[in-house]
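Chemist: This is final-v8.txt, which holds compact mmCIF, C-alpha atoms:
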```txt
# COMPACT_ATOMS: atom_id res chain seq x y z
CA MET A 17 85.82 92.66 33.34
CA LYS A 18 86.90 95.43 30.98
CA PRO A 19 90.42 95.05 29.47
CA ILE A 20 91.26 98.66 30.42
CA PHE A 21 90.94 97.83 34.13
CA ILE A 22 92.90 94.59 33.77
CA LEU A 23 95.70 96.51 32.03
CA ALA A 24 95.58 99.27 34.67
CA ALA A 25 95.78 96.70 37.47
CA ILE A 26 98.78 94.90 35.93
CA LEU A 27 100.59 98.18 35.30
CA ILE A 28 99.90 99.42 38.83
CA PHE A 29 101.25 96.23 40.36
CA GLY A 30 104.31 96.31 38.09
CA VAL A 31 105.02 100.00 38.68
CA LEU A 32 104.86 99.57 42.46
CA VAL A 33 107.43 96.77 42.31
CA VAL A 34 109.68 98.94 40.10
CA VAL A 35 109.28 101.83 42.56
CA HIS A 36 110.35 99.46 45.33
CA GLU A 37 113.45 98.34 43.43
CA PHE A 38 114.27 101.93 42.46
CA GLY A 39 114.41 102.74 46.18
CA HIS A 40 117.11 100.09 46.62
CA PHE A 41 118.87 101.27 43.43
CA ILE A 42 119.11 104.98 44.23
CA THR A 43 120.21 104.47 47.84
CA ALA A 44 122.79 101.88 46.77
CA LYS A 45 124.20 104.39 44.27
CA LEU A 46 124.23 107.17 46.87
CA CYS A 47 125.97 104.87 49.36
CA GLY A 48 128.68 103.91 46.84
CA VAL A 49 127.55 100.30 46.32
CA ARG A 50 128.14 98.83 42.87
CA VAL A 51 124.88 98.05 41.02
CA ASN A 52 125.38 95.54 38.22
CA GLU A 53 121.90 95.78 36.71
CA PHE A 54 118.67 97.67 37.16
CA SER A 55 115.78 96.11 35.27
CA ILE A 56 112.23 97.21 34.55
CA GLY A 57 110.18 94.07 33.95
CA MET A 58 111.13 90.41 34.20
CA GLY A 59 111.95 87.67 31.71
CA PRO A 60 113.74 88.01 28.35
CA VAL A 61 115.61 91.25 27.69
CA LEU A 62 113.96 93.53 25.11
CA PHE A 63 116.42 96.42 25.42
CA SER A 64 119.60 96.87 27.37
CA ARG A 65 122.13 99.66 27.68
CA ALA A 66 125.22 99.99 29.79
CA LYS A 67 125.92 103.31 31.45
CA GLY A 68 128.99 103.37 33.60
CA GLU A 69 129.15 100.21 35.67
CA THR A 70 125.40 99.51 35.53
CA GLN A 71 123.36 97.70 32.91
CA TYR A 72 119.89 99.21 32.45
CA SER A 73 117.38 96.72 31.03
CA LEU A 74 113.82 96.58 29.80
CA ARG A 75 112.39 93.06 29.95
CA ALA A 76 109.40 91.39 28.35
CA PHE A 77 107.00 90.91 31.27
CA PRO A 78 105.71 94.10 33.00
CA ILE A 79 105.38 92.43 36.40
CA GLY A 80 108.07 94.19 38.38
CA GLY A 81 111.81 94.54 38.14
CA PHE A 82 115.00 94.08 40.13
CA CYS A 83 118.14 95.79 41.35
CA ALA A 84 121.16 93.48 41.24
CA MET A 85 123.85 94.75 43.60
CA GLU A 86 127.36 93.40 43.73
CA GLY A 87 127.83 90.92 46.58
CA GLU A 88 124.26 90.89 47.89
CA ASP A 89 124.54 87.39 49.37
CA GLU A 90 128.29 86.67 49.51
CA ASP A 91 131.58 88.49 49.64
CA THR A 92 132.91 88.80 46.09
CA GLY A 93 136.06 90.59 47.19
CA ASP A 94 134.89 93.95 45.80
CA ALA A 95 135.27 96.77 48.34
CA ARG A 96 132.07 98.31 46.95
CA SER A 97 129.98 95.16 47.32
CA PHE A 98 126.90 95.28 49.51
CA VAL A 99 128.20 92.83 52.13
CA ARG A 100 131.28 95.00 52.79
CA GLN A 101 129.27 98.10 53.72
CA GLY A 102 128.72 99.29 57.27
CA PHE A 103 125.60 98.68 59.34
CA TRP A 104 123.86 101.98 58.60
CA LYS A 105 124.48 101.90 54.86
CA LYS A 106 123.08 98.37 54.65
CA LEU A 107 120.08 99.32 56.75
CA VAL A 108 119.24 102.36 54.62
CA ILE A 109 119.54 100.37 51.39
CA LEU A 110 117.36 97.55 52.71
CA ILE A 111 114.51 99.74 53.98
CA ALA A 112 114.61 102.17 51.04
CA GLY A 113 112.37 99.98 48.87
CA SER A 114 109.58 99.93 51.43
CA LEU A 115 110.03 103.64 52.10
CA MET A 116 109.57 104.37 48.39
CA ASN A 117 106.39 102.26 48.32
CA PHE A 118 105.02 104.13 51.33
CA LEU A 119 105.85 107.50 49.75
CA ALA A 120 104.19 106.37 46.50
CA GLY A 121 101.04 105.49 48.43
CA LEU A 122 101.16 108.81 50.26
CA LEU A 123 101.48 110.75 46.98
CA ILE A 124 98.58 108.85 45.39
CA ILE A 125 96.39 109.62 48.40
CA ALA A 126 97.40 113.31 48.32
CA ALA A 127 96.49 113.51 44.63
CA LEU A 128 93.14 111.82 45.22
CA PHE A 129 92.34 114.08 48.19
CA ALA A 130 93.37 117.31 46.43
CA GLY A 131 89.86 117.86 45.09
CA ARG A 132 87.95 116.72 48.16
CA GLU A 133 85.43 119.12 49.70
CA SER A 134 85.06 117.30 53.02
CA PHE A 135 86.28 114.37 55.10
CA TYR A 136 84.36 112.15 57.49
CA THR A 137 85.00 110.40 60.79
CA ASP A 138 82.80 108.07 62.85
CA GLN A 139 80.54 109.37 65.59
CA ILE A 140 77.56 108.09 67.56
CA VAL A 141 74.31 109.44 66.15
CA GLY A 142 71.81 107.41 68.18
CA PHE A 143 71.03 104.46 70.45
CA ALA A 144 68.58 101.61 70.18
CA PRO A 145 65.73 101.49 72.74
CA GLY A 146 66.96 99.74 75.86
CA PHE A 147 70.64 100.57 75.42
CA PRO A 148 71.85 100.60 79.06
CA LEU A 149 75.09 102.58 78.81
CA GLU A 150 73.96 106.00 77.61
CA GLY A 151 75.02 108.95 79.75
CA GLU A 152 77.98 111.01 80.93
CA ASP A 153 79.61 107.95 82.50
CA GLY A 154 79.07 105.97 79.31
CA LEU A 155 78.43 106.97 75.72
CA MET A 156 76.53 109.97 74.38
CA VAL A 157 75.20 111.10 71.03
CA GLY A 158 77.91 113.17 69.33
CA ASP A 159 80.82 111.17 70.76
CA VAL A 160 83.48 110.78 68.06
CA PHE A 161 85.34 107.46 68.10
CA HIS A 162 89.08 107.78 68.69
CA LYS A 163 90.19 104.23 69.54
CA ILE A 164 88.53 100.82 69.76
CA ASP A 165 90.48 98.01 71.48
CA GLY A 166 93.65 100.03 70.93
CA TYR A 167 93.08 100.56 67.21
CA ARG A 168 92.87 104.18 66.07
CA THR A 169 89.74 105.11 64.12
CA TYR A 170 91.32 107.40 61.54
CA VAL A 171 88.63 107.51 58.85
CA ASN A 172 84.95 106.86 58.28
CA GLY A 173 84.17 103.14 58.46
CA ASP A 174 86.91 102.16 60.93
CA ALA A 175 84.60 102.05 63.97
CA ALA A 176 82.12 99.68 62.32
CA MET A 177 84.94 97.37 61.19
CA PHE A 178 86.67 97.15 64.58
CA LEU A 179 83.36 96.61 66.38
CA ALA A 180 82.42 93.87 63.91
CA TYR A 181 85.57 91.91 64.82
CA HIS A 182 85.36 92.56 68.56
CA GLN A 183 84.96 89.54 70.84
CA GLY A 184 84.60 89.50 74.63
CA ASP A 185 82.47 90.77 77.49
CA SER A 186 84.03 94.22 77.64
CA ILE A 187 85.65 96.68 75.26
CA ASP A 188 88.24 99.44 75.51
CA LEU A 189 86.97 102.68 74.00
CA GLU A 190 88.31 106.18 73.60
CA VAL A 191 85.97 108.89 72.31
CA ILE A 192 86.24 112.63 71.80
CA ARG A 193 83.44 114.53 73.59
CA ASN A 194 83.29 118.32 73.44
CA GLY A 195 86.94 118.42 72.40
CA GLN A 196 88.07 116.26 75.33
CA LYS A 197 89.23 112.65 75.23
CA VAL A 198 87.09 110.25 77.31
CA VAL A 199 88.66 106.87 78.11
CA LEU A 200 86.31 103.95 78.82
CA LYS A 201 88.52 101.07 79.94
CA ASP A 202 86.89 97.61 80.13
CA PHE A 203 83.59 99.20 79.14
CA PRO A 204 80.81 96.56 79.62
CA MET A 205 79.26 97.01 76.15
CA ASN A 206 78.14 93.56 75.01
CA ARG A 207 76.37 92.25 71.96
CA GLY A 208 72.65 91.85 72.48
CA THR A 209 69.28 91.93 70.78
CA TYR A 210 68.19 95.41 69.73
CA ASN A 211 65.24 96.21 67.49
CA GLY A 212 64.72 92.49 67.04
CA GLU A 213 68.26 91.88 65.70
CA GLU A 214 70.73 89.67 67.55
CA GLY A 215 74.46 90.36 67.93
CA LYS A 216 74.15 94.14 67.90
CA PHE A 217 75.81 96.68 70.19
CA GLY A 218 72.78 98.94 70.31
CA LEU A 219 74.30 102.09 68.91
CA THR A 220 74.11 103.80 65.52
CA ILE A 221 77.29 105.08 63.90
CA GLY A 222 77.15 107.94 61.43
CA PRO A 223 79.58 110.28 59.66
CA ARG A 224 80.88 113.51 61.15
CA GLU A 225 81.77 115.96 58.39
CA ILE A 226 85.02 117.91 58.47
CA PRO A 227 85.61 120.72 55.90
CA ALA A 228 88.50 119.96 53.53
CA THR A 229 90.78 122.89 54.32
CA LEU A 230 94.43 122.66 53.24
CA GLY A 231 95.36 121.57 56.76
CA ALA A 232 92.63 118.91 56.77
CA LYS A 233 93.77 117.59 53.38
CA LEU A 234 97.33 117.20 54.64
CA ARG A 235 96.17 115.67 57.91
CA TYR A 236 93.77 113.20 56.32
CA THR A 237 96.32 112.23 53.68
CA CYS A 238 98.57 111.12 56.54
CA TYR A 239 95.63 109.58 58.42
CA GLN A 240 94.64 107.51 55.39
CA ALA A 241 98.19 106.22 54.90
CA LEU A 242 98.45 105.35 58.61
CA ASP A 243 95.04 103.69 58.40
CA PHE A 244 96.36 101.48 55.60
CA VAL A 245 99.38 100.54 57.76
CA GLN A 246 97.07 99.73 60.67
CA LEU A 247 94.83 97.68 58.38
CA VAL A 248 97.78 95.42 57.47
CA TRP A 249 98.60 94.90 61.15
CA PHE A 250 94.93 94.36 62.04
CA SER A 251 94.60 91.78 59.25
CA LEU A 252 97.68 89.89 60.45
CA VAL A 253 96.35 89.85 64.02
CA GLN A 254 93.00 88.52 62.78
CA LEU A 255 94.79 85.86 60.73
CA PHE A 256 96.74 84.58 63.72
CA THR A 257 93.83 84.82 66.20
CA GLY A 258 91.31 83.11 63.96
CA GLY A 259 89.30 86.20 63.01
CA ALA A 260 90.34 85.65 59.38
CA SER A 261 91.50 82.60 57.41
CA MET A 262 93.79 81.69 54.53
CA GLN A 263 90.75 81.94 52.25
CA ASP A 264 90.71 85.70 52.87
CA LEU A 265 94.24 86.21 51.48
CA SER A 266 94.99 87.37 47.95
CA GLY A 267 98.07 87.24 45.75
CA PRO A 268 98.87 89.13 42.53
CA VAL A 269 96.07 87.40 40.59
CA GLY A 270 93.53 88.20 43.31
CA ILE A 271 94.73 91.79 43.54
CA VAL A 272 94.40 92.31 39.78
CA SER A 273 90.97 90.69 39.90
CA ALA A 274 89.87 92.87 42.82
CA ILE A 275 91.07 96.07 41.13
CA THR A 276 89.29 95.23 37.88
CA GLU A 277 86.09 94.24 39.67
CA VAL A 278 86.09 97.47 41.69
CA GLY A 279 86.74 99.52 38.58
CA SER A 280 84.04 97.79 36.52
CA ALA A 281 81.43 97.97 39.29
CA VAL A 282 82.01 101.65 40.05
CA GLU A 283 82.09 102.57 36.36
CA ALA A 284 78.71 100.91 35.80
CA GLU A 285 77.22 102.97 38.64
CA ASN A 286 79.11 106.27 38.65
CA GLY A 287 81.12 106.55 35.43
CA LEU A 288 84.72 106.08 34.28
CA MET A 289 86.29 108.89 36.37
CA ALA A 290 84.80 107.52 39.59
CA ALA A 291 86.02 104.06 38.59
CA PHE A 292 89.61 105.22 38.15
CA TYR A 293 89.41 107.15 41.44
CA ASN A 294 88.62 103.87 43.19
CA VAL A 295 91.26 101.96 41.23
CA PHE A 296 93.96 104.44 42.31
CA TYR A 297 92.65 104.39 45.87
CA PHE A 298 93.17 100.63 45.75
CA ALA A 299 96.65 101.28 44.31
CA ALA A 300 97.51 103.46 47.32
CA LEU A 301 96.35 100.70 49.65
CA LEU A 302 98.48 98.19 47.74
CA ALA A 303 101.55 100.48 47.84
CA VAL A 304 101.36 100.87 51.63
CA ASN A 305 100.60 97.16 52.00
CA LEU A 306 103.75 96.26 50.05
CA ALA A 307 105.78 98.67 52.19
CA VAL A 308 104.64 97.08 55.45
CA MET A 309 104.72 93.44 54.33
CA ASN A 310 108.24 93.75 52.94
CA LEU A 311 109.50 94.90 56.35
CA LEU A 312 108.13 91.90 58.22
CA PRO A 313 111.03 89.82 59.68
CA ILE A 314 110.50 86.96 57.24
CA PRO A 315 113.51 85.34 55.51
CA ALA A 316 113.92 86.36 51.84
CA LEU A 317 112.03 89.63 52.43
CA ASP A 318 113.77 92.95 53.18
CA GLY A 319 112.56 92.69 56.77
CA GLY A 320 114.25 89.31 57.12
CA ARG A 321 117.52 90.75 55.87
CA VAL A 322 117.17 93.66 58.30
CA PHE A 323 116.60 91.11 61.08
CA PHE A 324 119.83 89.29 60.18
CA LEU A 325 121.63 92.63 59.97
CA VAL A 326 120.61 93.42 63.56
CA VAL A 327 121.50 89.86 64.70
CA ASP A 328 124.92 90.28 63.07
CA ALA A 329 125.49 93.58 64.87
CA ILE A 330 124.58 91.99 68.21
CA ALA A 331 126.79 88.94 67.50
CA LEU A 332 129.73 91.21 66.69
CA ARG A 333 129.34 93.02 70.01
CA LEU A 334 128.88 89.89 72.09
CA PHE A 335 131.06 87.32 70.32
CA LYS A 336 133.32 89.50 68.12
CA ARG A 337 132.20 87.63 65.01
CA PRO A 338 129.15 87.80 62.72
CA VAL A 339 126.74 84.98 61.93
CA PRO A 340 128.41 82.93 59.17
CA GLU A 341 127.09 83.88 55.72
CA LYS A 342 126.38 80.24 54.82
CA TYR A 343 123.81 80.02 57.65
CA GLN A 344 122.16 83.26 56.59
CA ALA A 345 122.08 82.07 52.97
CA ALA A 346 120.57 78.72 54.02
CA VAL A 347 117.82 80.40 56.07
CA ASN A 348 117.08 82.85 53.25
CA THR A 349 116.93 80.00 50.72
CA VAL A 350 114.50 78.02 52.87
CA GLY A 351 112.50 81.19 53.50
CA LEU A 352 112.36 81.92 49.78
CA VAL A 353 111.15 78.40 48.99
CA VAL A 354 108.47 78.59 51.70
CA LEU A 355 107.43 82.08 50.56
CA MET A 356 107.18 80.99 46.92
CA GLY A 357 105.14 77.95 47.97
CA PHE A 358 102.87 80.16 50.01
CA MET A 359 102.42 82.59 47.11
CA LEU A 360 101.64 79.69 44.75
CA LEU A 361 99.00 78.45 47.19
CA VAL A 362 97.42 81.89 47.45
CA THR A 363 97.59 82.32 43.66
CA PHE A 364 95.91 78.92 43.21
CA GLN A 365 93.12 80.10 45.52
CA ASP A 366 92.79 83.30 43.47
CA VAL A 367 92.52 81.35 40.21
CA ARG A 368 89.91 79.02 41.70
CA ARG A 369 87.82 82.05 42.74
CA LEU A 370 87.99 83.43 39.20
CA PHE A 371 86.50 80.26 37.70
CA ARG A 372 83.76 79.68 40.26
```
Do you think you could lay out the structure here as C-alpha cells?
Modeler:
Amino acid sequence: MKPIFILAAILIFGVLVVVHEFGHFITAKLCGVRVNEFSIGMGPVLFSRAKGETQYSLRAFPIGGFCAMEGEDEDTGDARSFVRQGFWKKLVILIAGSLMNFLAGLLIIAALFAGRESFYTDQIVGFAPGFPLEGEDGLMVGDVFHKIDGYRTYVNGDAAMFLAYHQGDSIDLEVIRNGQKVVLKDFPMNRGTYNGEEGKFGLTIGPREIPATLGAKLRYTCYQALDFVQLVWFSLVQLFTGGASMQDLSGPVGIVSAITEVGSAVEAENGLMAAFYNVFYFAALLAVNLAVMNLLPIPALDGGRVFFLVVDAIALRLFKRPVPEKYQAAVNTVGLVVLMGFMLLVTFQDVRRLFR
C-alpha cells in the first residue's frame, strides 16, 4: 500500500466527519443555539481560539471533530441551550449533519462526472439457448432494466448485483421497452443450467450507452447518489435476511484499507489520475453512507435522537409531558456503549484481515 493513498484515505474519512459536525454547527448558530466549542480533529488541543461565545480548536488526531452545544443532553438553565429549543429547530440541527454529508457526496459525484463523455445502464443483449421466457409477454433483447424485486437499477452493474442476491421461484421485474414501462409481476424466471453452467438465469446483461449531455450529467449525478442510498438499504436488508454476514462489514480501519487497496490497484493498471478518480468515487460512497447510517433510529446516533424527539412530541400531545430526560440519557448511554462495542468488533475484524 502506498503511503499517499493511506494518507488520502485518513484525510477523507476525517474531512467527512468534520463536514458532518459543521452541519450541526452552522444550523445551531443559525437557530440561535449556543455552541461552546467546534473542533477539527480529536485528542490533545494543538491550537485554540475563542471568538465570541465559541471556542474553535484544532486537535492532534485528524480523525474527525465535534460540535459541543450547550445543554445537548440536559437542561443547563440557559435559554439558548439545545434542549430548550422547539421541535423544528431541534430537528433541523439533528439532521443537518447527515444532510451535509449527502451534499458532500453529491458534489464529489458531480465533480467526477463533469468530464464524462457517456453513461451506461443495464439492458438485455442476449439469451442463452433454451431460455423459455423470450418474447413480447416476457423479456426481449433491448429491454432496459428499471427495477428488480423493487430495487431501482440506476446505473450499470445494478441489475447483475440484484439478480445475484435474488432467491425464490419468481421475480418482480420492470423493464423499459421502446420507451414504455413493462411490468412483469411474479415473473417465473428461475435459476437453471445454461451453456453448461448451473445457477444461471439464462440472459446476458450488457451496457446501454447514454451520451453525457448536461442534462444527463445532472440526472446521473442524482442517480448515483440515490444508488448509494439504496445500496446502504440493500446491504442492511441482506444483513438481516442472511444474504450477508458480520464478516462483510467494515469499520474505519477497513474503509481506509479498502480505499488504499483500490487506489494502489487502479494506479498499477491505469495510472495515478485513474487511481484518485476511484478513491474519490469511494469517498462519495462513504459520504452518502455516513449520511444514511447516521439517520438510522439507533440510540447515540442522530437518528436515535430524532426518534426520541418524535416520541417526545407524541408524549406531549397525548400525556402533556415529555419522556423524562434521565430515561433518554440512559438509553443513549446504553446505545453508545453497544455501538462502541460493535465498532470495536468490526475494527478487530478489519485488523485481522490486514494481517492475514
Chemist: Show me, as a ChimeraX atom specification, the residues that have an atom within 10 Å of Gly81 in chain A when counting only C-alpha atoms, minus same-chain residues fewer than 4 positions from it.
Modeler: /A:30-38,54-59,73-75,77
Chemist: List every residue of range 94-176 of chain A that has an atom at most 12 Å from any atom of range 215-227 of chain A, and for each one report the closest atom pair and its distance in Å to one decimal, counting only C-alpha atoms, with rows sorted by chain and then by increasing residue number, as a tab-separated table.
Modeler:
```
residue	atom	partner	partner_atom	distance
A:Gly131	CA	A:Pro227	CA	12.0
A:Arg132	CA	A:Pro227	CA	9.0
A:Glu133	CA	A:Pro227	CA	6.4
A:Ser134	CA	A:Pro227	CA	4.5
A:Phe135	CA	A:Ile226	CA	5.0
A:Tyr136	CA	A:Glu225	CA	4.7
A:Thr137	CA	A:Arg224	CA	5.2
A:Asp138	CA	A:Pro223	CA	5.0
A:Gln139	CA	A:Gly222	CA	5.6
A:Ile140	CA	A:Ile221	CA	4.7
A:Val141	CA	A:Thr220	CA	5.7
A:Gly142	CA	A:Thr220	CA	5.0
A:Phe143	CA	A:Leu219	CA	4.3
A:Ala144	CA	A:Gly218	CA	5.0
A:Pro145	CA	A:Gly218	CA	7.9
A:Gly146	CA	A:Gly218	CA	8.1
A:Phe147	CA	A:Gly218	CA	5.8
A:Pro148	CA	A:Gly218	CA	9.0
A:Leu149	CA	A:Gly218	CA	9.5
A:Glu150	CA	A:Leu219	CA	9.5
A:Leu155	CA	A:Leu219	CA	9.3
A:Met156	CA	A:Leu219	CA	9.8
A:Val157	CA	A:Thr220	CA	9.2
A:Gly158	CA	A:Arg224	CA	8.7
A:Asp159	CA	A:Ile221	CA	9.8
A:Val160	CA	A:Arg224	CA	7.9
A:Phe161	CA	A:Ile221	CA	9.4
A:Val171	CA	A:Pro223	CA	9.5
A:Asn172	CA	A:Pro223	CA	6.5
A:Gly173	CA	A:Pro223	CA	8.6
A:Asp174	CA	A:Ile221	CA	10.5
A:Ala175	CA	A:Ile221	CA	7.9
A:Ala176	CA	A:Ile221	CA	7.4
```
Chemist: Considering all atoms listed in the file, state which residue in the set A:Phe41, A:Phe292, A:Tyr72, A:Phe335 is at the smallest distance from Leu110 in chain A.
Modeler: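 Of all the options, A:Phe41 lies closest to Leu110 in chain A.
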Chemist: Rounded to one decimal in Å, what is the spacing between CA of Met289 in chain A and CA of Ser251 in chain A?
Modeler: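 Interatomic distance, CA of Met289 in chain A to CA of Ser251 in chain A: 29.8 Å.
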Chemist: List the neighbours of Ala300 in chain A out to 10 Å using only C-alpha atoms; skip same-chain residues closer than 2 positions along the sequence, and give me the result as JSON, numbers by chain.
Modeler: {"A": [28, 32, 117, 118, 119, 120, 121, 122, 123, 124, 125, 126, 128, 240, 241, 244, 294, 295, 296, 297, 298, 302, 303, 304, 305, 306]}
Chemist: Could you tell me how far CA of Val199 in chain A lies from CA of Arg168 in chain A, in Å and to one decimal?
Modeler: 13.0 Å
Chemist: By how many Å are CA of Tyr170 in chain A and CA of Leu242 in chain A apart?
Modeler: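 Between these atoms lies a distance of 8.0 Å.
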Chemist: Nearest to Asn310 in chain A among A:Ile26, A:Leu115, A:Leu230, A:Ile164, with distances taken over only C-alpha atoms: which residue is it?
Modeler: A:Leu115
Chemist: Distance cut-off 8 Å, centre (108.8, 95.1, 59.3) in file coordinates, counting only C-alpha atoms: which residues qualify? Return them as JSON, numbers by chain.
Modeler: {"A": [308, 309, 310, 311, 312, 313, 319]}
Chemist: Quick one: residues within 6 Å of Ser97 in chain A, only C-alpha atoms, excluding same-chain residues fewer than 5 positions away - as a list in words?
Modeler: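 Once the nearby chain positions are removed, what remains is Val49, Glu86 and Gly87 of chain A.
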Chemist: Any chance you can output those residues with C-alpha atoms as a compact mmCIF listing (two decimals), in the frame of the given file?
Modeler:
```txt
# COMPACT_ATOMS: atom_id res chain seq x y z
CA VAL A 49 127.55 100.30 46.32
CA GLU A 86 127.36 93.40 43.73
CA GLY A 87 127.83 90.92 46.58
```
